[in-house]
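Raw contents of my_file24.cif, mmCIF, C-alpha atoms:
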```cif
data_entry
loop_
_atom_site.label_atom_id
_atom_site.label_comp_id
_atom_site.auth_asym_id
_atom_site.auth_seq_id
_atom_site.Cartn_x
_atom_site.Cartn_y
_atom_site.Cartn_z
CA MET I 1 137.77 105.96 60.80
CA SER I 2 136.87 106.37 57.16
CA THR I 3 133.69 106.79 55.16
CA THR I 4 132.93 106.47 51.48
CA PHE I 5 130.39 108.93 50.04
CA ALA I 6 128.21 108.52 46.97
CA ILE I 7 125.53 110.33 45.01
CA ALA I 8 122.32 108.92 43.61
CA TYR I 9 122.09 109.26 39.84
CA GLY I 10 118.81 107.82 38.65
CA ASP I 11 118.82 104.19 39.79
CA GLU I 12 122.61 104.16 40.21
CA VAL I 13 124.72 104.96 43.25
CA ILE I 14 128.05 106.50 42.20
CA THR I 15 130.96 106.69 44.64
CA VAL I 16 132.43 110.20 44.68
CA ALA I 17 134.73 110.62 47.70
CA ARG I 18 136.39 109.06 50.72
CA ARG I 19 136.93 110.71 54.10
CA VAL I 20 139.75 109.45 56.34
CA GLY I 21 140.60 110.68 59.81
CA ALA I 22 143.94 112.52 59.82
CA GLY I 23 144.26 112.86 63.60
CA ASP I 24 143.88 115.83 65.90
CA GLY I 25 140.23 116.24 64.83
CA LYS I 26 141.05 116.70 61.14
CA VAL I 27 140.11 114.64 58.10
CA GLU I 28 141.44 114.14 54.59
CA ILE I 29 139.10 113.99 51.59
CA THR I 30 139.97 112.15 48.40
CA PHE I 31 137.61 112.51 45.46
CA THR I 32 137.36 109.09 43.80
CA ASN I 33 135.43 110.38 40.80
CA PRO I 34 137.13 113.18 38.83
CA LEU I 35 133.79 114.81 38.01
CA ALA I 36 132.57 115.02 41.61
CA GLU I 37 134.16 118.40 42.32
CA LEU I 38 132.37 119.83 39.28
CA LEU I 39 128.92 119.05 40.65
CA PRO I 40 126.88 121.88 42.21
CA PRO I 41 127.88 122.36 45.87
CA ASN I 42 124.33 121.61 47.05
CA THR I 43 124.37 118.11 45.49
CA PRO I 44 123.38 115.68 48.27
CA VAL I 45 125.78 112.89 49.20
CA MET I 46 125.19 109.78 51.29
CA PRO I 47 127.58 107.65 53.31
CA THR I 48 127.81 104.09 52.00
CA ASP I 49 129.75 102.32 54.73
CA ASN I 50 129.82 104.43 57.90
CA THR I 51 128.28 107.60 59.36
CA ALA I 52 128.07 110.96 57.61
CA GLN I 53 129.45 112.96 60.58
CA GLY I 54 127.97 116.22 59.32
CA VAL I 55 128.67 115.74 55.61
CA ARG I 56 125.50 116.32 53.62
CA THR I 57 126.60 117.77 50.26
CA ILE I 58 129.43 117.92 47.74
CA GLY I 59 130.07 121.42 49.10
CA ASP I 60 130.74 119.95 52.55
CA LEU I 61 133.29 117.56 51.06
CA ILE I 62 135.00 120.39 49.16
CA PHE I 63 135.12 122.47 52.36
CA LEU I 64 136.64 119.58 54.31
CA LYS I 65 139.20 118.96 51.58
CA GLN I 66 140.30 122.59 51.82
CA TYR I 67 140.21 123.07 55.61
CA GLY I 68 140.35 119.55 57.07
CA THR I 69 137.65 120.34 59.64
CA PHE I 70 134.22 121.90 60.01
CA LYS I 71 135.37 123.97 63.02
CA SER I 72 136.08 127.10 60.97
CA LYS I 73 132.58 126.77 59.48
CA GLY I 74 130.98 126.93 62.90
CA TYR I 75 129.78 123.28 63.06
#
```
Structure encoded using structure tokens:
Amino acid sequence: MSTTFAIAYGDEVITVARRVGAGDGKVEITFTNPLAELLPPNTPVMPTDNTAQGVRTIGDLIFLKQYGTFKSKGY
């Protein structure tokens, strides 16, 4: 399963990342906007085509990109 995430910027919705299941409970994150990783970690994100599955902020996406799972974060 995959999900595309976006941020609201004024009246615009800007796609920032895509999460794809990597198997064995892990995911892969690809940032689709090169500036997304420079946003403050508490910047809210929203799923555009599926469920968020615990992802609420840019910081969550950065964490998942690094670790592949929320398990080490205690979620």
CA of Leu38 (chain I) to CA of Arg56 (chain I): how many Å, to one decimal?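 According to the coordinates, CA of Leu38 (chain I) and CA of Arg56 (chain I) are separated by 16.3 Å.
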Polymer residues at most 12 Å from (139.9, 114.3, 64.4) by only C-alpha atoms, as number ranges by chain: I: 1-2, 19-28, 53, 64, 68-71
Output check: residues returned by the PyMOL selection byres ((chain I and resi 32) around 12), as JSON, numbers by chain: {"I": [4, 5, 6, 7, 14, 15, 16, 17, 18, 19, 29, 30, 31, 33, 34, 35, 36, 37, 61]}
Given the PyMOL selection byres ((chain I and resi 47) around 7), the residues it picks as a PyMOL selection string: chain I and resi 3-6+45-46+48-52
Interatomic distance, CA of Ile58 (chain I) to CA of Gly10 (chain I) (Å, one decimal):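 Straight-line distance from CA of Ile58 (chain I) to CA of Gly10 (chain I) works out to 17.2 Å.
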Distance CA of Leu39 (chain I)-CA of Phe63 (chain I), one decimal place?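 Straight-line distance from CA of Leu39 (chain I) to CA of Phe63 (chain I) works out to 13.7 Å.
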Any chance you could resolve the PyMOL selection byres ((chain I and resi 41) around 6) against this file and give the residues as a list in words? Pro40, Asn42, Thr43, Ile58 and Gly59 of chain I
